[in-house]
Each structure stands twice: as structure tokens, then as C-alpha cells.
Amino acid sequence: MTAAPPTDGVLADRYGRVARDLRVSLTDKCNLRCTYCMPAEGLAWLPGPQLLGDDEIVRLVGVAVRLLGVTEVRFTGGEPLIRPGLVGIVAAVAALEPRPRISLTTNGIGLDRLAPALRAAGLDRVNVSLDTLDPQRFARLTRRPRLADVLGGLAGAAAAGLTPVKINSVLMRGVNDDEAPGLLRFALAHGYELRFIEQMPLDAQHGWDRRTMVTADEILASLRGEFDLTPDPAERGAAPAETWLVDGGPARVGVIASVTRPFCGDCDRTRLTADGQIRTCLFATEESDLRGALRAGADDDELARRWRVATWEKRAGHGIDDPAFLQPTRPMSAIGG
């Protein structure tokens, strides 16, 4: 372990991890109001002048790809599909050398309409959030009656070739914790890849309670009531999801157990918020400002240096089990997943 951050090369931290996966939030706004993410009303959005412009986003992603060894770029939000310049941003990032893999995490509303243009621009695949298949339950969970739009978005993404189409599902006790088998049946029937995500302390209301969280073990027990699950022999690497073969394969199901089975030791992610802040962890309580340096005239080498310094300070783990753990002030919608 060296005593100081590297002055060139990749995004390394003091624990030997290297960040090659960049998550870029394009907006903190969303057209749903999921109960585990946002309050029904009253959440202030970031002021427009604070948000990175399209060219600023592309420039910072270019710094990450060309100077810092990033090979995977995922656009997130809020809801990235409501960013007016999304298709152009994707096209500009796809034109970078070396070209990174480009993905998108979305709630799926409007994806059926945008999927062909996004695919043509260079988007490789999508993750779509879907927590229930029941229209009334969906409306209660998201405070919007838009389930049909999400299902249409999934189908549109598959038709456009944005594959593998992955579904992200969060189960909540007493709300939708009975739906794990049904969600997996749906995914298998349509050729989608399903990932369950343990609910994390990133809600704007700060109402998360570990005692009411549906754990990975509970999710797997529910699935095993209907399916034969065997450990996936494929190398997991730095992927956040632990996966299992379903009924012998080739279909797989995954669980991202950030709380009960943390994978911080293999984390390879770095995050850029919609207002130009570097975050080394979803649960970080500190950020490093790149927007200010960029707008003050810093060149690419200086931006890369600041990014390396920020990454070097990355903590060993998220610390959720630490009695002194503090939930980040920003909610997930303002951080980017």
C-alpha cells in the first residue's frame, strides 16, 4: 500500500481496488414517486444552473474513459429518459476511444418510444426497475398508474436489441414480499434477467429500518419454494449481484444483497452526480466537486488528478452495520444508482 494517490493511470484506492465502472446521474427528477425513494411531494429538485450540461457530461465521461481506465458507463437518475439530450449524450460517449460499454437504468416509462434511437446511438443494454406485476399495487408503490407503460418499455427494449434486458426489483415487507416467484416466472417467460435488490437506506424520508427489510435469505427461500436454484459457476468478479441458475439453467436470477452480504471489497464503481460531484460510494457522506473545477477552466489532466485523489480516499466499506452509520443526506434520486 502506497502512502499517496497515483499521479497518473487508473482510479485506484488505498485498498487496491480499481474503479472501472462509472455511474452517471443525468437528473435528480423522476416521473414516478416510489415510496421507498421519494416522498409524495415536497422534494426540492436541483436548480438548473447546478446541473451539468450535455457537453460537460460528455467531457467528464471522456476524462474517465481516456485517462482513468473506465470501461463501463451506466446512465442513471432520477429517471434518465426524461433528460432531453439523452440520445445525443449516448452517441457522444459511444464515439469515445476506447469505446466503453454503455448501459442505462430506468423505470421504463417511454422506453418503448426511445429504445430504437438509443440503440442506434450506441446504447448496449438497459436495467428496468419493476417491483410488482399487480396494477393496483404498482400504483400504490409508485403513486402513479403506469404499470402498462413499464411493461411496454421492457418489450420495446428487447425488440430494439438492448439485451440482455435486466429487471431490478425491490421487495418490501408487507407490501410486495409475496411476489418473488411471480416476478421470476414473468422474467423467464419473456427472456429477461431478474435481479432482486435489498432495500437500502437511501430514501429521501430517512425512514429505512433494517428490521423490516426483506433479506437475501428470505428472497431465496421464497424462490426455492417453486424453483431449483444452484450456484452460478460463472465468475462473479466485481458484479454486485450474486447469481443462481434456475432449474439447471441457462436462465439465471440474481440478488444484490448490499446490506446483508456486502461486496465492498470487490467494488469497482465510481459515481458522478447530475451536479458534477464525485462519489466513491452510494453511502458516502462526502463528495468531491468536479463541476467547479471544470467551469473554472481546469484542463482534462487536472480533472483526472482530482478524480484520482477522490478515489484514493474511498472507504473500505459502506459501514451500514456500524452503530455510527449515518444515512447520506442525498436520496438515491439525487445520487444516481
# chains A, B, ... in the order shown; residues from 1 in each chain; ligands from 1
>>> select_by_dssp(residues="stretch 25-251 of chain A", states="strand (DSSP E or B)", output="ChimeraX atom specification")
/A:25,72-76,101-106,125-129,166-169,172,193-197,213,229-231,242-246
>>> write_last_selection(atoms="C-alpha atoms", output="PDB file, in the first residue's frame")
ATOM      1  CA  SER A  25     -26.695  10.550 -12.952  1.00  0.00           C
ATOM      2  CA  GLU A  72     -18.252   0.650 -18.309  1.00  0.00           C
ATOM      3  CA  VAL A  73     -20.582   3.669 -18.251  1.00  0.00           C
ATOM      4  CA  ARG A  74     -24.123   3.469 -16.891  1.00  0.00           C
ATOM      5  CA  PHE A  75     -26.528   6.380 -17.084  1.00  0.00           C
ATOM      6  CA  THR A  76     -28.905   6.717 -14.156  1.00  0.00           C
ATOM      7  CA  ARG A 101     -19.814  -0.421 -22.701  1.00  0.00           C
ATOM      8  CA  ILE A 102     -22.879   1.769 -22.215  1.00  0.00           C
ATOM      9  CA  SER A 103     -25.996   0.877 -20.223  1.00  0.00           C
ATOM     10  CA  LEU A 104     -28.981   2.657 -18.712  1.00  0.00           C
ATOM     11  CA  THR A 105     -31.010   2.195 -15.527  1.00  0.00           C
ATOM     12  CA  THR A 106     -34.593   3.367 -15.995  1.00  0.00           C
ATOM     13  CA  ARG A 125     -28.413  -2.612 -22.743  1.00  0.00           C
ATOM     14  CA  VAL A 126     -30.871  -1.493 -20.053  1.00  0.00           C
ATOM     15  CA  ASN A 127     -31.883  -2.249 -16.467  1.00  0.00           C
ATOM     16  CA  VAL A 128     -35.565  -1.575 -15.790  1.00  0.00           C
ATOM     17  CA  SER A 129     -36.988  -1.152 -12.295  1.00  0.00           C
ATOM     18  CA  LYS A 166     -32.469  -6.809 -16.857  1.00  0.00           C
ATOM     19  CA  ILE A 167     -35.186  -6.179 -14.283  1.00  0.00           C
ATOM     20  CA  ASN A 168     -34.353  -4.703 -10.876  1.00  0.00           C
ATOM     21  CA  SER A 169     -36.874  -5.487  -8.124  1.00  0.00           C
ATOM     22  CA  MET A 172     -40.764  -4.640   0.917  1.00  0.00           C
ATOM     23  CA  GLU A 193     -32.806 -11.334 -16.396  1.00  0.00           C
ATOM     24  CA  LEU A 194     -34.156 -10.636 -12.906  1.00  0.00           C
ATOM     25  CA  ARG A 195     -32.188  -9.083 -10.049  1.00  0.00           C
ATOM     26  CA  PHE A 196     -33.631  -8.580  -6.588  1.00  0.00           C
ATOM     27  CA  ILE A 197     -32.105  -5.723  -4.590  1.00  0.00           C
ATOM     28  CA  MET A 213     -36.078  -5.079   5.182  1.00  0.00           C
ATOM     29  CA  LEU A 229     -31.617 -22.794  -7.575  1.00  0.00           C
ATOM     30  CA  THR A 230     -27.972 -23.804  -7.892  1.00  0.00           C
ATOM     31  CA  PRO A 231     -24.936 -21.521  -7.524  1.00  0.00           C
ATOM     32  CA  GLU A 242     -24.757 -12.963  -6.704  1.00  0.00           C
ATOM     33  CA  THR A 243     -26.460 -15.256  -9.221  1.00  0.00           C
ATOM     34  CA  TRP A 244     -28.038 -18.691  -9.315  1.00  0.00           C
ATOM     35  CA  LEU A 245     -29.018 -20.992 -12.175  1.00  0.00           C
ATOM     36  CA  VAL A 246     -32.780 -21.525 -12.329  1.00  0.00           C
TER      37      VAL A 246
END
>>> select_by_dssp(residues="stretch 47-205 of chain A", states="helix (DSSP H, G or I)", output="ChimeraX atom specification")
/A:48-50,54-68,80-82,86-94,111-121,135-142,147-160,180-190
>>> closest_atom_pairs(of="stretch 218-287 of chain A", to="stretch 299-309 of chain A", cutoff="10 Å", atoms="only C-alpha atoms", output="Markdown table")
| residue | atom | partner | partner_atom | distance |
| --- | --- | --- | --- | --- |
| A:Thr270 | CA | A:Trp307 | CA | 9.4 |
| A:Gln277 | CA | A:Trp307 | CA | 9.9 |
| A:Ile278 | CA | A:Trp307 | CA | 7.3 |
| A:Arg279 | CA | A:Trp307 | CA | 9.7 |
| A:Thr280 | CA | A:Trp307 | CA | 9.7 |
>>> write_last_selection(atoms="C-alpha atoms", output="compact mmCIF listing (two decimals), in the first residue's frame")
# COMPACT_ATOMS: atom_id res chain seq x y z
CA THR A 270 -17.27 5.45 -9.13
CA GLN A 277 -19.86 15.70 -7.77
CA ILE A 278 -17.72 12.58 -7.48
CA ARG A 279 -18.98 9.97 -5.02
CA THR A 280 -16.89 6.90 -4.29
>>> residues_around(residues="A:Asp55", least_positions_apart="4", cutoff="10 Å", atoms="only C-alpha atoms", output="ChimeraX atom specification")
/A:59-61,85,88-89,92
>>> residues_around(residues="A:Arg83", least_positions_apart="4", cutoff="12 Å", atoms="only C-alpha atoms", output="MDAnalysis selection string")
chainID A and resid 25:31 51:54 75:79 87:90 106 110 114 274
>>> write_last_selection(atoms="C-alpha atoms", output="CSV table (one decimal), in the first residue's frame")
chain,number,residue,atom,x,y,z
A,25,SER,CA,-26.7,10.6,-13.0
A,26,LEU,CA,-28.3,12.7,-15.7
A,27,THR,CA,-31.1,14.2,-13.5
A,28,ASP,CA,-32.5,14.0,-10.0
A,29,LYS,CA,-36.0,14.3,-11.3
A,30,CYS,CA,-38.3,11.3,-11.9
A,31,ASN,CA,-41.8,10.8,-13.3
A,51,LEU,CA,-26.8,20.6,-13.3
A,52,LEU,CA,-24.0,19.6,-15.7
A,53,GLY,CA,-24.8,20.4,-19.4
A,54,ASP,CA,-24.7,17.7,-22.0
A,75,PHE,CA,-26.5,6.4,-17.1
A,76,THR,CA,-28.9,6.7,-14.2
A,77,GLY,CA,-31.1,9.3,-12.4
A,78,GLY,CA,-33.6,10.1,-11.1
A,79,GLU,CA,-35.1,9.0,-14.4
A,87,VAL,CA,-29.7,10.3,-27.1
A,88,GLY,CA,-27.0,12.8,-28.0
A,89,ILE,CA,-25.1,12.1,-24.8
A,90,VAL,CA,-25.2,8.3,-25.5
A,106,THR,CA,-34.6,3.4,-16.0
A,110,GLY,CA,-41.2,6.0,-22.5
A,114,LEU,CA,-36.9,5.8,-27.2
A,274,ALA,CA,-26.0,15.3,-12.0
>>> closest_residue(among="A:Arg143, A:Leu118, A:Asp134, A:Asn176", to="A:Gly161", atoms="only C-alpha atoms")
A:Leu118
>>> residues_around(residues="A:Ala4", least_positions_apart="6", cutoff="10 Å", atoms="only C-alpha atoms", output="number ranges by chain")
A: 13-14, 309, 312-313
>>> write_last_selection(atoms="N, CA and C atoms", output="compact mmCIF listing (two decimals), in the first residue's frame")
# COMPACT_ATOMS: atom_id res chain seq x y z
N ASP A 13 -7.73 2.93 -5.25
CA ASP A 13 -7.85 3.40 -3.87
C ASP A 13 -6.78 2.73 -3.01
N ARG A 14 -6.70 3.13 -1.76
CA ARG A 14 -5.62 2.65 -0.89
C ARG A 14 -5.78 1.19 -0.50
N VAL A 309 -7.52 11.63 -6.71
CA VAL A 309 -7.39 11.97 -5.29
C VAL A 309 -8.66 11.56 -4.54
N TRP A 312 -8.80 7.76 -4.16
CA TRP A 312 -7.83 7.25 -3.19
C TRP A 312 -8.40 7.25 -1.77
N GLU A 313 -9.30 8.18 -1.48
CA GLU A 313 -9.87 8.31 -0.14
C GLU A 313 -11.09 7.41 0.09
>>> residues_around(residues="A:Gly156", least_positions_apart="6", cutoff="7 Å", atoms="only C-alpha atoms", output="PyMOL selection string")
chain A and resi 111-112+115
>>> write_last_selection(atoms="N, CA and C atoms", output="CSV table (one decimal), in the first residue's frame")
chain,number,residue,atom,x,y,z
A,111,LEU,N,-39.7,4.1,-22.7
A,111,LEU,CA,-38.6,3.3,-23.3
A,111,LEU,C,-39.0,2.7,-24.6
A,112,ASP,N,-40.3,2.3,-24.7
A,112,ASP,CA,-40.7,1.7,-26.0
A,112,ASP,C,-40.5,2.7,-27.1
A,115,ALA,N,-36.3,3.5,-27.3
A,115,ALA,CA,-35.3,2.3,-27.4
A,115,ALA,C,-34.6,2.3,-28.8
>>> closest_residue(among="A:Asp275, A:Asp124, A:Glu97, A:Asp8", to="A:Leu68", atoms="only C-alpha atoms")
A:Asp8
>>> closest_residue(among="A:Gly191, A:Pro135, A:Pro233, A:Pro6", to="A:Leu154", atoms="only C-alpha atoms")
A:Gly191
>>> closest_residue(among="A:Arg23, A:Arg236, A:Lys314, A:Arg33", to="A:Ile57", atoms="only C-alpha atoms")
A:Arg23
>>> decode(residues="stretch 146-251 of chain A", atoms="C-alpha atoms", output="short mmCIF file (atom, residue, chain, number, x, y, z; two decimals), in the first residue's frame")
data_model
loop_
_atom_site.label_atom_id
_atom_site.label_comp_id
_atom_site.auth_asym_id
_atom_site.auth_seq_id
_atom_site.Cartn_x
_atom_site.Cartn_y
_atom_site.Cartn_z
CA ARG A 146 -48.12 3.39 -15.10
CA LEU A 147 -47.50 -0.37 -14.96
CA ALA A 148 -48.60 -0.88 -18.58
CA ASP A 149 -46.06 1.74 -19.69
CA VAL A 150 -43.24 -0.05 -17.86
CA LEU A 151 -44.18 -3.41 -19.37
CA GLY A 152 -44.28 -1.76 -22.78
CA GLY A 153 -40.85 -0.31 -22.16
CA LEU A 154 -39.43 -3.73 -21.36
CA ALA A 155 -40.87 -5.19 -24.56
CA GLY A 156 -39.61 -2.22 -26.58
CA ALA A 157 -36.10 -2.58 -25.21
CA ALA A 158 -35.99 -6.26 -26.11
CA ALA A 159 -37.34 -5.58 -29.61
CA ALA A 160 -34.68 -2.91 -30.16
CA GLY A 161 -31.89 -5.30 -29.19
CA LEU A 162 -30.95 -3.67 -25.87
CA THR A 163 -30.15 -7.07 -24.43
CA PRO A 164 -29.84 -8.64 -22.03
CA VAL A 165 -32.81 -6.72 -20.64
CA LYS A 166 -32.47 -6.81 -16.86
CA ILE A 167 -35.19 -6.18 -14.28
CA ASN A 168 -34.35 -4.70 -10.88
CA SER A 169 -36.87 -5.49 -8.12
CA VAL A 170 -37.03 -4.29 -4.52
CA LEU A 171 -39.21 -6.31 -2.14
CA MET A 172 -40.76 -4.64 0.92
CA ARG A 173 -42.22 -6.45 3.88
CA GLY A 174 -45.99 -6.46 3.92
CA VAL A 175 -46.10 -4.68 0.56
CA ASN A 176 -44.83 -6.95 -2.24
CA ASP A 177 -42.74 -9.57 -0.46
CA ASP A 178 -45.02 -12.31 -1.82
CA GLU A 179 -44.12 -11.56 -5.44
CA ALA A 180 -40.64 -13.02 -5.83
CA PRO A 181 -41.77 -16.25 -7.58
CA GLY A 182 -44.22 -14.39 -9.81
CA LEU A 183 -41.62 -11.85 -10.88
CA LEU A 184 -39.22 -14.66 -11.74
CA ARG A 185 -41.88 -16.52 -13.74
CA PHE A 186 -42.55 -13.31 -15.67
CA ALA A 187 -38.85 -12.75 -16.37
CA LEU A 188 -38.33 -16.34 -17.52
CA ALA A 189 -41.36 -16.19 -19.83
CA HIS A 190 -40.06 -13.06 -21.58
CA GLY A 191 -36.33 -13.80 -21.59
CA TYR A 192 -35.45 -11.02 -19.13
CA GLU A 193 -32.81 -11.33 -16.40
CA LEU A 194 -34.16 -10.64 -12.91
CA ARG A 195 -32.19 -9.08 -10.05
CA PHE A 196 -33.63 -8.58 -6.59
CA ILE A 197 -32.10 -5.72 -4.59
CA GLU A 198 -32.23 -5.48 -0.82
CA GLN A 199 -33.85 -2.20 0.19
CA MET A 200 -31.09 0.23 1.15
CA PRO A 201 -31.01 3.32 3.41
CA LEU A 202 -31.19 5.83 0.58
CA ASP A 203 -34.77 7.11 0.83
CA ALA A 204 -35.43 10.85 0.95
CA GLN A 205 -37.61 10.40 4.05
CA HIS A 206 -34.85 8.62 6.02
CA GLY A 207 -37.42 6.06 7.07
CA TRP A 208 -35.41 2.92 6.26
CA ASP A 209 -35.47 0.29 9.01
CA ARG A 210 -33.28 -2.79 8.73
CA ARG A 211 -35.73 -4.79 10.84
CA THR A 212 -38.39 -4.50 8.16
CA MET A 213 -36.08 -5.08 5.18
CA VAL A 214 -36.62 -8.27 3.16
CA THR A 215 -33.26 -10.02 3.20
CA ALA A 216 -31.48 -12.02 0.52
CA ASP A 217 -32.03 -15.22 2.50
CA GLU A 218 -35.77 -14.56 2.63
CA ILE A 219 -35.90 -13.83 -1.09
CA LEU A 220 -34.05 -17.03 -1.93
CA ALA A 221 -36.24 -19.09 0.40
CA SER A 222 -39.32 -17.75 -1.36
CA LEU A 223 -37.91 -18.60 -4.79
CA ARG A 224 -36.86 -22.08 -3.73
CA GLY A 225 -40.48 -22.85 -2.94
CA GLU A 226 -41.07 -23.03 -6.71
CA PHE A 227 -37.66 -23.25 -8.39
CA ASP A 228 -34.47 -25.25 -8.11
CA LEU A 229 -31.62 -22.79 -7.58
CA THR A 230 -27.97 -23.80 -7.89
CA PRO A 231 -24.94 -21.52 -7.52
CA ASP A 232 -23.85 -19.96 -10.79
CA PRO A 233 -20.45 -21.40 -11.76
CA ALA A 234 -19.57 -18.28 -13.73
CA GLU A 235 -17.01 -15.94 -12.21
CA ARG A 236 -18.76 -13.14 -10.31
CA GLY A 237 -15.87 -10.69 -10.41
CA ALA A 238 -16.90 -7.21 -9.30
CA ALA A 239 -20.56 -7.67 -10.23
CA PRO A 240 -22.89 -6.57 -7.42
CA ALA A 241 -25.31 -9.46 -8.00
CA GLU A 242 -24.76 -12.96 -6.70
CA THR A 243 -26.46 -15.26 -9.22
CA TRP A 244 -28.04 -18.69 -9.31
CA LEU A 245 -29.02 -20.99 -12.17
CA VAL A 246 -32.78 -21.52 -12.33
CA ASP A 247 -33.87 -25.15 -12.76
CA GLY A 248 -30.43 -26.07 -14.08
CA GLY A 249 -30.02 -23.06 -16.36
CA PRO A 250 -29.28 -21.41 -18.65
CA ALA A 251 -31.63 -18.84 -17.07
#
